[in-house]
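> Following this line is structure16.cif, made up of mmCIF, C-alpha atoms:
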data_coords
#
loop_
_atom_site.label_atom_id
_atom_site.label_comp_id
_atom_site.auth_asym_id
_atom_site.auth_seq_id
_atom_site.Cartn_x
_atom_site.Cartn_y
_atom_site.Cartn_z
CA MET V 1 -54.79 56.58 -31.31
CA LYS V 2 -56.75 54.00 -33.28
CA ASP V 3 -60.50 53.78 -32.70
CA SER V 4 -60.13 50.03 -32.09
CA VAL V 5 -58.44 50.79 -28.75
CA TYR V 6 -61.82 51.97 -27.50
CA ARG V 7 -63.51 48.69 -28.22
CA ALA V 8 -63.66 45.61 -26.01
CA PRO V 9 -60.63 43.37 -26.69
CA LYS V 10 -61.16 40.43 -29.01
CA GLY V 11 -62.80 37.53 -27.21
CA THR V 12 -64.48 39.76 -24.62
CA ARG V 13 -67.74 41.69 -24.60
CA ASP V 14 -69.89 43.90 -22.45
CA LEU V 15 -72.89 42.29 -20.79
CA VAL V 16 -75.68 44.84 -20.65
CA TRP V 17 -79.30 44.37 -19.61
CA PRO V 18 -81.08 41.98 -20.20
CA ASP V 19 -78.01 39.72 -20.66
CA SER V 20 -76.48 40.94 -17.42
CA GLU V 21 -79.71 40.26 -15.51
CA ARG V 22 -80.03 36.81 -17.08
CA ARG V 23 -76.46 36.03 -15.99
CA ARG V 24 -77.30 37.11 -12.44
CA SER V 25 -80.47 34.96 -12.43
CA PHE V 26 -78.44 31.98 -13.72
CA ILE V 27 -75.88 32.35 -10.93
CA ASN V 28 -78.59 32.91 -8.30
CA LEU V 29 -80.35 29.70 -9.32
CA PHE V 30 -77.09 27.77 -9.17
CA ALA V 31 -76.32 29.27 -5.75
CA GLU V 32 -79.71 28.15 -4.47
CA ILE V 33 -79.27 24.57 -5.69
CA ALA V 34 -75.65 24.25 -4.52
CA GLY V 35 -76.45 25.89 -1.18
CA SER V 36 -79.31 23.48 -0.56
CA SER V 37 -76.75 20.66 -0.79
CA GLY V 38 -74.41 22.11 1.84
CA TYR V 39 -72.00 23.94 -0.48
CA ALA V 40 -70.83 27.41 0.61
CA GLU V 41 -69.70 30.12 -1.78
CA ILE V 42 -66.00 30.79 -2.28
CA VAL V 43 -64.67 33.89 -4.06
CA LEU V 44 -61.17 33.41 -5.46
CA PRO V 45 -58.49 35.74 -6.84
CA MET V 46 -58.65 36.25 -10.58
CA PHE V 47 -54.90 35.69 -10.81
CA GLU V 48 -52.50 33.33 -9.08
CA HIS V 49 -48.84 32.42 -9.15
CA ARG V 50 -48.30 30.63 -12.44
CA GLU V 51 -47.17 27.48 -10.65
CA VAL V 52 -50.71 26.90 -9.34
CA PHE V 53 -51.99 26.36 -12.88
CA GLN V 54 -49.00 24.35 -14.02
CA ARG V 55 -50.58 21.60 -11.92
CA LEU V 56 -53.13 21.32 -14.77
CA GLY V 57 -50.38 19.64 -16.78
CA ASP V 58 -47.59 21.09 -18.92
CA GLY V 59 -48.84 18.94 -21.80
CA THR V 60 -52.28 20.57 -21.85
CA ASP V 61 -53.24 23.31 -24.29
CA VAL V 62 -54.47 25.38 -21.35
CA VAL V 63 -50.92 25.67 -20.00
CA ARG V 64 -48.95 25.51 -23.26
CA LYS V 65 -51.01 27.83 -25.44
CA GLU V 66 -53.97 29.46 -23.74
CA MET V 67 -52.88 30.86 -20.39
CA TYR V 68 -52.56 34.61 -19.93
CA ASP V 69 -49.34 34.82 -17.93
CA PHE V 70 -46.96 37.67 -17.25
CA GLU V 71 -44.30 38.97 -14.88
CA ASP V 72 -45.65 41.56 -12.46
CA LYS V 73 -43.79 44.60 -11.19
CA GLY V 74 -42.34 42.57 -8.35
CA GLY V 75 -40.82 40.03 -10.74
CA ARG V 76 -43.36 37.32 -9.87
CA ASN V 77 -44.73 34.97 -12.54
CA ILE V 78 -48.49 35.54 -12.49
CA ALA V 79 -51.32 34.03 -14.54
CA LEU V 80 -54.96 34.97 -14.95
CA ARG V 81 -56.98 31.96 -13.88
CA PRO V 82 -57.94 29.70 -16.83
CA GLU V 83 -60.12 27.61 -14.48
CA GLN V 84 -60.94 27.56 -10.77
CA THR V 85 -60.39 24.03 -9.46
CA ALA V 86 -56.64 24.55 -9.04
CA SER V 87 -57.29 27.82 -7.21
CA ILE V 88 -59.73 26.11 -4.86
CA VAL V 89 -57.21 23.40 -4.04
CA ARG V 90 -54.57 26.10 -3.48
CA SER V 91 -57.01 27.80 -1.09
CA TYR V 92 -57.50 24.50 0.74
CA VAL V 93 -53.74 23.96 1.03
CA GLU V 94 -53.28 27.51 2.33
CA ASN V 95 -56.24 27.73 4.72
CA ARG V 96 -56.69 24.07 5.75
CA PRO V 97 -60.45 24.16 6.42
CA SER V 98 -62.03 21.18 8.14
CA LEU V 99 -63.06 18.27 5.94
CA PRO V 100 -65.24 17.59 4.11
CA TRP V 101 -64.92 20.99 2.48
CA LYS V 102 -67.74 21.74 0.03
CA VAL V 103 -67.71 25.00 -1.93
CA TRP V 104 -69.33 26.53 -4.99
CA TYR V 105 -68.14 29.39 -7.17
CA ALA V 106 -69.13 31.64 -10.04
CA GLY V 107 -67.11 34.08 -12.09
CA PRO V 108 -64.87 34.72 -15.07
CA ASN V 109 -61.89 32.73 -16.32
CA PHE V 110 -59.42 33.67 -19.04
CA ARG V 111 -57.98 31.65 -21.92
CA TYR V 112 -56.26 32.81 -25.07
CA GLU V 113 -58.14 30.68 -27.59
CA ARG V 114 -59.91 31.28 -30.87
CA ALA V 115 -62.96 33.40 -30.18
CA GLN V 116 -66.14 31.91 -31.64
CA LYS V 117 -69.84 31.64 -30.95
CA GLY V 118 -70.31 30.66 -27.31
CA ARG V 119 -66.56 30.70 -26.61
CA PHE V 120 -64.82 33.80 -25.35
CA ARG V 121 -61.38 34.61 -24.00
CA GLN V 122 -63.05 35.89 -20.86
CA PHE V 123 -65.81 33.42 -20.02
CA ASP V 124 -68.00 32.72 -17.01
CA GLN V 125 -68.40 29.41 -15.24
CA VAL V 126 -70.32 28.17 -12.25
CA GLY V 127 -69.08 25.10 -10.45
CA LEU V 128 -68.48 23.35 -7.19
CA GLU V 129 -65.80 21.25 -5.52
CA ALA V 130 -65.88 18.80 -2.62
CA LEU V 131 -62.64 17.79 -0.86
CA GLY V 132 -62.10 15.07 1.70
CA PRO V 133 -64.12 11.89 1.04
CA GLU V 134 -63.06 9.32 -1.53
CA ASP V 135 -66.57 7.85 -1.39
CA PRO V 136 -68.10 7.25 -4.86
CA HIS V 137 -71.39 8.53 -3.41
CA LEU V 138 -69.77 11.98 -3.40
CA ASP V 139 -69.07 11.65 -7.13
CA ILE V 140 -72.76 10.81 -7.58
CA GLU V 141 -73.86 13.79 -5.46
CA VAL V 142 -71.71 16.17 -7.50
CA ILE V 143 -73.02 14.86 -10.81
CA ALA V 144 -76.60 14.93 -9.51
CA ILE V 145 -76.34 18.59 -8.48
CA ALA V 146 -75.28 19.54 -12.00
CA TRP V 147 -78.07 17.40 -13.47
CA ARG V 148 -80.72 18.95 -11.21
CA PHE V 149 -79.46 22.41 -12.12
CA TYR V 150 -79.91 21.68 -15.82
CA GLU V 151 -83.40 20.42 -15.03
CA ALA V 152 -84.16 23.61 -13.10
CA LEU V 153 -83.09 25.62 -16.16
CA GLY V 154 -85.70 23.71 -18.16
CA LEU V 155 -83.18 21.80 -20.28
CA ARG V 156 -84.36 18.41 -21.52
CA LYS V 157 -81.82 17.63 -24.24
CA VAL V 158 -78.72 17.21 -22.08
CA ASN V 159 -76.69 14.01 -22.15
CA LEU V 160 -74.31 12.82 -19.44
CA GLN V 161 -71.16 11.08 -20.68
CA LEU V 162 -69.27 9.09 -18.05
CA ASN V 163 -65.88 7.42 -17.84
CA SER V 164 -63.17 6.36 -15.44
CA ILE V 165 -59.50 6.94 -16.17
CA GLY V 166 -58.48 4.92 -13.13
CA THR V 167 -55.72 5.67 -10.69
CA SER V 168 -52.49 7.39 -11.67
CA GLN V 169 -50.86 3.95 -11.91
CA ASP V 170 -53.70 2.71 -14.15
CA ARG V 171 -53.17 5.68 -16.39
CA VAL V 172 -49.45 5.05 -16.73
CA ARG V 173 -50.17 1.51 -17.93
CA TYR V 174 -52.88 2.72 -20.26
CA ILE V 175 -50.74 5.46 -21.79
CA GLU V 176 -48.09 2.86 -22.60
CA ALA V 177 -50.66 0.76 -24.48
CA LEU V 178 -52.20 3.81 -26.16
CA SER V 179 -48.78 5.10 -27.23
CA ARG V 180 -47.90 1.80 -28.88
CA TYR V 181 -51.19 1.85 -30.77
CA LEU V 182 -50.95 5.50 -31.84
CA GLU V 183 -47.34 5.08 -32.97
CA ASN V 184 -48.52 2.50 -35.49
CA GLN V 185 -51.42 4.73 -36.58
CA LYS V 186 -49.62 8.06 -36.53
CA GLU V 187 -49.64 8.53 -40.31
CA PHE V 188 -53.46 8.45 -40.28
CA LEU V 189 -53.79 11.16 -37.62
CA SER V 190 -54.27 14.85 -38.33
CA LYS V 191 -51.18 17.04 -38.13
CA GLU V 192 -52.57 18.59 -34.92
CA SER V 193 -53.03 15.19 -33.27
CA GLN V 194 -49.55 14.08 -34.33
CA ASP V 195 -48.19 17.13 -32.52
CA THR V 196 -50.38 16.36 -29.49
CA PHE V 197 -49.19 12.74 -29.47
CA ALA V 198 -45.61 13.91 -29.17
CA VAL V 199 -46.47 15.88 -26.02
CA ASN V 200 -49.30 13.92 -24.39
CA PRO V 201 -50.80 10.83 -26.06
CA LEU V 202 -53.89 10.90 -23.84
CA ARG V 203 -54.94 14.27 -25.27
CA VAL V 204 -55.29 12.73 -28.73
CA LEU V 205 -58.52 11.15 -27.51
CA ASP V 206 -59.99 14.67 -27.12
CA SER V 207 -59.79 15.32 -30.86
CA LYS V 208 -63.06 15.87 -32.71
CA ARG V 209 -61.38 16.17 -36.13
CA ASP V 210 -62.87 13.98 -38.87
CA GLU V 211 -59.54 12.44 -39.84
CA ASP V 212 -58.93 11.28 -36.25
CA VAL V 213 -62.32 9.69 -35.58
CA GLN V 214 -61.54 6.26 -37.01
CA VAL V 215 -58.17 5.95 -35.27
CA ILE V 216 -59.64 7.00 -31.92
CA SER V 217 -62.61 4.64 -32.23
CA GLU V 218 -60.25 1.65 -32.55
CA ALA V 219 -57.85 2.73 -29.79
CA PRO V 220 -57.40 0.60 -26.66
CA SER V 221 -59.99 1.34 -23.98
CA ILE V 222 -59.00 2.75 -20.63
CA LEU V 223 -61.75 0.60 -19.12
CA ASP V 224 -59.70 -2.48 -19.95
CA HIS V 225 -56.81 -1.14 -17.88
CA LEU V 226 -58.56 -0.28 -14.60
CA SER V 227 -57.34 -1.73 -11.32
CA ASP V 228 -59.85 -3.62 -9.18
CA GLY V 229 -60.29 -0.63 -6.86
CA ALA V 230 -60.90 1.83 -9.69
CA GLN V 231 -63.32 -0.58 -11.37
CA SER V 232 -65.27 -1.02 -8.13
CA HIS V 233 -65.44 2.76 -7.68
CA PHE V 234 -66.72 3.20 -11.24
CA ASN V 235 -69.32 0.47 -10.77
CA GLU V 236 -70.67 2.19 -7.66
CA VAL V 237 -70.93 5.53 -9.46
CA GLN V 238 -72.95 3.93 -12.23
CA GLU V 239 -75.20 2.09 -9.81
CA GLY V 240 -75.84 5.27 -7.84
CA LEU V 241 -76.79 7.26 -10.94
CA GLU V 242 -79.21 4.51 -11.89
CA LYS V 243 -80.82 4.69 -8.44
CA LEU V 244 -81.33 8.42 -8.95
CA ALA V 245 -82.75 7.80 -12.44
CA ILE V 246 -80.05 9.97 -14.02
CA PRO V 247 -79.34 8.57 -17.49
CA TYR V 248 -75.75 8.34 -18.70
CA ILE V 249 -73.62 6.98 -21.52
CA VAL V 250 -70.26 5.34 -20.80
CA LYS V 251 -67.69 6.90 -23.14
CA PRO V 252 -64.26 5.25 -22.80
CA THR V 253 -62.50 8.02 -24.79
CA LEU V 254 -63.62 10.76 -22.38
CA VAL V 255 -60.44 11.92 -20.65
CA ARG V 256 -61.20 15.66 -20.29
CA GLY V 257 -58.61 18.32 -21.04
CA LEU V 258 -56.67 18.54 -17.78
CA ASP V 259 -54.06 16.19 -16.36
CA TYR V 260 -55.17 16.18 -12.74
CA TYR V 261 -58.18 13.88 -13.23
CA VAL V 262 -58.28 10.34 -11.82
CA LYS V 263 -61.09 7.79 -11.64
CA THR V 264 -64.46 9.41 -12.44
CA THR V 265 -64.64 11.84 -15.33
CA PHE V 266 -67.85 13.16 -16.84
CA GLU V 267 -69.12 15.65 -19.37
CA PHE V 268 -72.50 17.16 -20.16
CA THR V 269 -73.40 17.72 -23.81
CA SER V 270 -76.40 19.33 -25.45
CA GLU V 271 -78.25 17.84 -28.39
CA SER V 272 -79.63 21.27 -29.26
CA ILE V 273 -76.40 23.10 -30.20
CA ASP V 274 -73.58 22.54 -32.69
CA ALA V 275 -72.48 18.92 -32.46
CA ALA V 276 -68.81 19.85 -32.90
CA GLN V 277 -68.95 22.13 -29.85
CA ASP V 278 -71.71 20.50 -27.82
CA ALA V 279 -70.04 20.31 -24.40
CA ILE V 280 -71.69 22.59 -21.84
CA GLY V 281 -69.99 21.38 -18.65
CA GLY V 282 -68.02 18.63 -17.03
CA GLY V 283 -65.68 17.57 -14.30
CA GLY V 284 -64.29 14.65 -12.38
CA ARG V 285 -62.17 13.44 -9.51
CA TYR V 286 -58.68 14.82 -8.78
CA ASP V 287 -57.42 12.94 -5.72
CA GLY V 288 -53.74 13.84 -6.11
CA LEU V 289 -53.93 17.58 -6.74
CA ALA V 290 -53.70 18.73 -3.10
CA ALA V 291 -50.64 16.58 -2.49
CA GLU V 292 -48.94 18.13 -5.53
CA MET V 293 -49.34 21.50 -3.83
CA GLY V 294 -47.80 20.32 -0.58
CA ALA V 295 -50.81 19.18 1.45
CA PRO V 296 -51.49 15.66 2.67
CA GLU V 297 -53.29 13.38 0.21
CA THR V 298 -56.80 14.83 -0.01
CA PRO V 299 -59.34 13.42 -2.48
CA GLY V 300 -61.48 15.88 -4.40
CA VAL V 301 -64.24 15.92 -7.00
CA GLY V 302 -66.11 18.70 -8.76
CA PHE V 303 -67.36 20.23 -11.97
CA ALA V 304 -67.53 23.47 -13.95
CA LEU V 305 -70.43 24.48 -16.17
CA GLY V 306 -70.01 27.02 -18.95
CA LEU V 307 -72.49 29.85 -18.59
CA ASP V 308 -72.47 31.02 -22.22
CA ARG V 309 -72.80 27.60 -23.80
CA THR V 310 -75.44 26.53 -21.30
CA LEU V 311 -77.47 29.63 -22.16
CA MET V 312 -77.05 28.78 -25.85
CA ALA V 313 -78.67 25.42 -25.08
CA CYS V 314 -81.42 27.23 -23.16
CA ASP V 315 -82.06 29.46 -26.17
CA ALA V 316 -82.23 26.45 -28.47
CA GLU V 317 -84.70 24.72 -26.16
CA LYS V 318 -86.56 27.97 -25.43
CA SER V 319 -86.02 27.59 -21.69
CA PHE V 320 -84.81 30.00 -19.00
CA PRO V 321 -85.89 33.09 -20.98
CA GLU V 322 -84.53 36.59 -20.68
CA PRO V 323 -85.93 38.46 -17.67
CA GLU V 324 -88.95 40.68 -17.97
CA HIS V 325 -88.52 44.43 -17.88
CA MET V 326 -86.51 45.60 -14.93
CA LEU V 327 -88.91 48.35 -13.80
CA GLU V 328 -92.41 48.25 -12.34
CA ILE V 329 -93.12 51.96 -11.94
CA PHE V 330 -92.00 55.14 -13.68
CA VAL V 331 -92.63 58.45 -11.92
CA VAL V 332 -93.56 61.42 -14.13
CA ASP V 333 -93.31 64.83 -12.44
CA THR V 334 -94.20 68.11 -14.18
CA THR V 335 -93.73 70.26 -11.06
CA GLY V 336 -89.95 70.55 -11.32
CA GLY V 337 -88.82 67.15 -10.03
CA ALA V 338 -88.93 67.58 -6.25
CA ASN V 339 -92.11 65.54 -5.91
CA ALA V 340 -90.61 62.77 -8.05
CA LEU V 341 -87.60 62.75 -5.73
CA VAL V 342 -89.78 62.03 -2.69
CA ILE V 343 -92.25 59.65 -4.37
CA THR V 344 -89.50 57.59 -6.03
CA ASP V 345 -87.63 57.17 -2.76
CA GLU V 346 -90.83 56.24 -0.89
CA LEU V 347 -91.75 53.60 -3.47
CA ARG V 348 -88.24 52.15 -3.51
CA GLN V 349 -88.27 51.81 0.26
CA GLU V 350 -91.51 49.83 -0.09
CA GLY V 351 -89.73 47.37 -2.40
CA PHE V 352 -90.96 48.58 -5.80
CA LYS V 353 -88.63 48.83 -8.80
CA VAL V 354 -88.86 52.50 -9.75
CA ASP V 355 -87.22 55.07 -12.02
CA ARG V 356 -87.93 58.65 -13.09
CA SER V 357 -86.87 61.35 -15.55
CA PHE V 358 -84.43 64.17 -14.83
CA ASP V 359 -83.67 67.64 -16.21
CA ASP V 360 -87.31 68.87 -15.81
CA ARG V 361 -88.38 67.48 -19.19
CA SER V 362 -91.80 68.03 -20.71
CA MET V 363 -94.77 65.79 -19.95
CA LYS V 364 -94.58 64.35 -23.47
CA ALA V 365 -90.86 63.57 -23.17
CA GLN V 366 -91.33 61.98 -19.74
CA MET V 367 -94.20 59.77 -20.92
CA LYS V 368 -92.11 58.71 -23.89
CA ALA V 369 -89.34 57.75 -21.47
CA ALA V 370 -91.87 55.87 -19.31
CA ASP V 371 -93.08 53.83 -22.30
CA LYS V 372 -89.51 53.10 -23.36
CA SER V 373 -88.48 52.02 -19.84
CA GLY V 374 -90.68 48.92 -19.92
CA ALA V 375 -92.33 49.89 -16.62
CA LYS V 376 -95.85 48.59 -16.07
CA ILE V 377 -97.32 51.69 -14.43
CA ALA V 378 -96.66 55.43 -14.56
CA VAL V 379 -97.27 57.52 -11.43
CA ILE V 380 -97.95 61.07 -12.63
CA VAL V 381 -97.79 64.14 -10.42
CA GLY V 382 -98.48 67.67 -11.63
CA ASP V 383 -99.67 70.92 -10.05
CA ASP V 384 -103.30 69.75 -9.95
CA GLU V 385 -102.37 66.46 -8.29
CA VAL V 386 -100.31 68.27 -5.65
CA SER V 387 -103.17 70.69 -4.91
CA ASN V 388 -105.71 67.88 -4.59
CA GLY V 389 -103.50 65.44 -2.62
CA VAL V 390 -103.66 62.78 -5.33
CA VAL V 391 -101.48 61.13 -7.96
CA THR V 392 -102.53 59.87 -11.38
CA ILE V 393 -101.91 56.20 -12.12
CA ARG V 394 -101.59 55.23 -15.79
CA ASP V 395 -101.34 51.59 -16.88
CA LEU V 396 -98.56 51.40 -19.48
CA ARG V 397 -99.52 47.87 -20.48
CA GLY V 398 -102.64 49.04 -22.26
CA LYS V 399 -104.92 47.33 -19.75
CA GLY V 400 -106.65 49.80 -17.49
CA GLY V 401 -106.34 53.40 -18.71
CA GLN V 402 -105.66 55.87 -15.89
CA GLU V 403 -107.21 57.04 -12.63
CA GLU V 404 -106.57 59.38 -9.75
CA ILE V 405 -105.88 57.92 -6.31
CA ALA V 406 -105.27 59.55 -2.96
CA SER V 407 -101.59 60.00 -2.14
CA GLU V 408 -101.99 58.30 1.24
CA SER V 409 -103.39 55.13 -0.37
CA MET V 410 -100.86 55.08 -3.24
CA ILE V 411 -98.74 52.21 -1.84
CA ALA V 412 -101.68 49.86 -1.25
CA ASP V 413 -103.32 50.68 -4.60
CA LEU V 414 -100.08 50.08 -6.51
CA ARG V 415 -99.59 46.71 -4.82
CA LYS V 416 -103.04 45.62 -6.01
CA LYS V 417 -102.41 46.79 -9.57
CA LEU V 418 -99.05 45.02 -9.80
CA ARG V 419 -100.25 41.64 -8.58
#
Taking this structure as input, can you express it in the form of structure tokens?


Amino acid sequence: MKDSVYRAPKGTRDLVWPDSERRRSFINLFAEIAGSSGYAEIVLPMFEHREVFQRLGDGTDVVRKEMYDFEDKGGRNIALRPEQTASIVRSYVENRPSLPWKVWYAGPNFRYERAQKGRFRQFDQVGLEALGPEDPHLDIEVIAIAWRFYEALGLRKVNLQLNSIGTSQDRVRYIEALSRYLENQKEFLSKESQDTFAVNPLRVLDSKRDEDVQVISEAPSILDHLSDGAQSHFNEVQEGLEKLAIPYIVKPTLVRGLDYYVKTTFEFTSESIDAAQDAIGGGGRYDGLAAEMGAPETPGVGFALGLDRTLMACDAEKSFPEPEHMLEIFVVDTTGGANALVITDELRQEGFKVDRSFDDRSMKAQMKAADKSGAKIAVIVGDDEVSNGVVTIRDLRGKGGQEEIASESMIADLRKKLR
């Protein structure tokens, strides 16, 4: 068997400490911010019936090229989730919770796309969805939560791009006008965009290729094709963002990559990472998705934020650093290990982060392990300490040397030293 079988598949990787801890801190911070706004966590299946994700649009790359789908042993067509909005709407259709229904999520998605820096075939997102109200104030709330999260991460070079793609009827009219324009300009488009045009003209506006820029910049604007209701909705979203002092840029070519969006669409980009791949999150309104799955018409709005690309932006801005060392205390026991067993358990029950050595290693080997662990303090117990009812405390940070303390006062003394 080839050695490559025992490596993580292309487009995936192992997250080990400190990356795993940083991921957990990222999700915990998002959970705190979303929870403070009345959003409850939802945990979804990692795979669904393929039909759930076909609601994203058969003309999208996600469905046509990137979805991991297969037939299971029961003959069912199954797909690993490429995103979570469709799964959340499926959960709403199945469980019919009371409205408004406000949920947040975190976890991996799967897309077969070219693996590159900050983009993986298994990738994490955090996000939230709100179903029920059609109120533009809900759009504003959703955008504001994402904005406040970026602020909490310490990011200062994030831009909000905003657009409206109107109602489904508005979009039909717009696609007709866009198609006429692109048909006349087709020879100037890249080969990839010509192929996209044949399947879904709206997706051409997503292209970042140099040869497409000029054609896209002169294309008809969706904002000129909005109905009065959609225009009013978009105006209220803009006014609300201004009241919250959240800056934004109106970008008429922003249509996002999925077909279920209507009215408000938005995207967050970072000035601090590669301009060609600068999107770090986005979302929009999807008022017709629940009805497509068999429920009554139920408006919805939400977003997803890419964990990896957001952390790339954090690295570039030197914000939200990697966590400090995981341990506070390392117990060194030269009496055979039984004392370490008791002391370690006692300290853990008191809330300290503690580890120890095993296999009755030498004092030198255990101290080497203590230094390598990143712990701040070593608690040392040997035959003399046991006889005298004390432990030796050594500061591993090079601050305070070492001292003996009575075993009965160990907890209180350690709390003082770790302040």

> So, counting all atoms listed in the file, which residue among V:Ser193, V:Gln402, V:Gln238, V:Gln125 is closest to Gly281 (chain V)?

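Smallest distance to Gly281 (chain V) is found for V:Gln125.
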
> Translate the PyMOL selection byres ((chain V and resi 327-332) around 10) into a concrete residue list for this structure, as a PDB file with C-alpha atoms, in the frame of the given file.


ATOM      1  CA  GLU V 324     -88.950  40.680 -17.970  1.00  0.00           C
ATOM      2  CA  HIS V 325     -88.520  44.430 -17.880  1.00  0.00           C
ATOM      3  CA  MET V 326     -86.510  45.600 -14.930  1.00  0.00           C
ATOM      4  CA  ASP V 333     -93.310  64.830 -12.440  1.00  0.00           C
ATOM      5  CA  THR V 334     -94.200  68.110 -14.180  1.00  0.00           C
ATOM      6  CA  THR V 335     -93.730  70.260 -11.060  1.00  0.00           C
ATOM      7  CA  GLY V 337     -88.820  67.150 -10.030  1.00  0.00           C
ATOM      8  CA  ASN V 339     -92.110  65.540  -5.910  1.00  0.00           C
ATOM      9  CA  ALA V 340     -90.610  62.770  -8.050  1.00  0.00           C
ATOM     10  CA  LEU V 341     -87.600  62.750  -5.730  1.00  0.00           C
ATOM     11  CA  ILE V 343     -92.250  59.650  -4.370  1.00  0.00           C
ATOM     12  CA  THR V 344     -89.500  57.590  -6.030  1.00  0.00           C
ATOM     13  CA  LEU V 347     -91.750  53.600  -3.470  1.00  0.00           C
ATOM     14  CA  ARG V 348     -88.240  52.150  -3.510  1.00  0.00           C
ATOM     15  CA  PHE V 352     -90.960  48.580  -5.800  1.00  0.00           C
ATOM     16  CA  LYS V 353     -88.630  48.830  -8.800  1.00  0.00           C
ATOM     17  CA  VAL V 354     -88.860  52.500  -9.750  1.00  0.00           C
ATOM     18  CA  ASP V 355     -87.220  55.070 -12.020  1.00  0.00           C
ATOM     19  CA  ARG V 356     -87.930  58.650 -13.090  1.00  0.00           C
ATOM     20  CA  SER V 357     -86.870  61.350 -15.550  1.00  0.00           C
ATOM     21  CA  PHE V 358     -84.430  64.170 -14.830  1.00  0.00           C
ATOM     22  CA  ASP V 360     -87.310  68.870 -15.810  1.00  0.00           C
ATOM     23  CA  ARG V 361     -88.380  67.480 -19.190  1.00  0.00           C
ATOM     24  CA  SER V 362     -91.800  68.030 -20.710  1.00  0.00           C
ATOM     25  CA  MET V 363     -94.770  65.790 -19.950  1.00  0.00           C
ATOM     26  CA  LYS V 364     -94.580  64.350 -23.470  1.00  0.00           C
ATOM     27  CA  ALA V 365     -90.860  63.570 -23.170  1.00  0.00           C
ATOM     28  CA  GLN V 366     -91.330  61.980 -19.740  1.00  0.00           C
ATOM     29  CA  MET V 367     -94.200  59.770 -20.920  1.00  0.00           C
ATOM     30  CA  ALA V 369     -89.340  57.750 -21.470  1.00  0.00           C
ATOM     31  CA  ALA V 370     -91.870  55.870 -19.310  1.00  0.00           C
ATOM     32  CA  ASP V 371     -93.080  53.830 -22.300  1.00  0.00           C
ATOM     33  CA  SER V 373     -88.480  52.020 -19.840  1.00  0.00           C
ATOM     34  CA  GLY V 374     -90.680  48.920 -19.920  1.00  0.00           C
ATOM     35  CA  ALA V 375     -92.330  49.890 -16.620  1.00  0.00           C
ATOM     36  CA  LYS V 376     -95.850  48.590 -16.070  1.00  0.00           C
ATOM     37  CA  ILE V 377     -97.320  51.690 -14.430  1.00  0.00           C
ATOM     38  CA  ALA V 378     -96.660  55.430 -14.560  1.00  0.00           C
ATOM     39  CA  VAL V 379     -97.270  57.520 -11.430  1.00  0.00           C
ATOM     40  CA  ILE V 380     -97.950  61.070 -12.630  1.00  0.00           C
ATOM     41  CA  VAL V 381     -97.790  64.140 -10.420  1.00  0.00           C
ATOM     42  CA  GLY V 382     -98.480  67.670 -11.630  1.00  0.00           C
ATOM     43  CA  THR V 392    -102.530  59.870 -11.380  1.00  0.00           C
ATOM     44  CA  ILE V 393    -101.910  56.200 -12.120  1.00  0.00           C
ATOM     45  CA  ARG V 394    -101.590  55.230 -15.790  1.00  0.00           C
ATOM     46  CA  ASP V 395    -101.340  51.590 -16.880  1.00  0.00           C
ATOM     47  CA  LEU V 396     -98.560  51.400 -19.480  1.00  0.00           C
ATOM     48  CA  LEU V 414    -100.080  50.080  -6.510  1.00  0.00           C
ATOM     49  CA  LEU V 418     -99.050  45.020  -9.800  1.00  0.00           C
TER      50      LEU V 418
END

> Quick check, in Å to one decimal: how far apart do CA of Phe123 (chain V) and CA of Lys65 (chain V) lie?

16.7 Å

> Name the residues that the PyMOL selection byres ((chain V and resi 76-87) around 7) picks from the file above, as an NGL selection string, using the file's chain letters and numbers.

:V and (46-50 or 52-53 or 67-72 or 74-75 or 88-91 or 109-111)

> Go ahead and dump the residues you just picked, C-alpha atoms, as a PDB file, in the coordinates of the input.


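Output saved as again-v4.pdb:
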ATOM      1  CA  MET V  46     -58.650  36.250 -10.580  1.00  0.00           C
ATOM      2  CA  PHE V  47     -54.900  35.690 -10.810  1.00  0.00           C
ATOM      3  CA  GLU V  48     -52.500  33.330  -9.080  1.00  0.00           C
ATOM      4  CA  HIS V  49     -48.840  32.420  -9.150  1.00  0.00           C
ATOM      5  CA  ARG V  50     -48.300  30.630 -12.440  1.00  0.00           C
ATOM      6  CA  VAL V  52     -50.710  26.900  -9.340  1.00  0.00           C
ATOM      7  CA  PHE V  53     -51.990  26.360 -12.880  1.00  0.00           C
ATOM      8  CA  MET V  67     -52.880  30.860 -20.390  1.00  0.00           C
ATOM      9  CA  TYR V  68     -52.560  34.610 -19.930  1.00  0.00           C
ATOM     10  CA  ASP V  69     -49.340  34.820 -17.930  1.00  0.00           C
ATOM     11  CA  PHE V  70     -46.960  37.670 -17.250  1.00  0.00           C
ATOM     12  CA  GLU V  71     -44.300  38.970 -14.880  1.00  0.00           C
ATOM     13  CA  ASP V  72     -45.650  41.560 -12.460  1.00  0.00           C
ATOM     14  CA  GLY V  74     -42.340  42.570  -8.350  1.00  0.00           C
ATOM     15  CA  GLY V  75     -40.820  40.030 -10.740  1.00  0.00           C
ATOM     16  CA  ILE V  88     -59.730  26.110  -4.860  1.00  0.00           C
ATOM     17  CA  VAL V  89     -57.210  23.400  -4.040  1.00  0.00           C
ATOM     18  CA  ARG V  90     -54.570  26.100  -3.480  1.00  0.00           C
ATOM     19  CA  SER V  91     -57.010  27.800  -1.090  1.00  0.00           C
ATOM     20  CA  ASN V 109     -61.890  32.730 -16.320  1.00  0.00           C
ATOM     21  CA  PHE V 110     -59.420  33.670 -19.040  1.00  0.00           C
ATOM     22  CA  ARG V 111     -57.980  31.650 -21.920  1.00  0.00           C
TER      23      ARG V 111
END
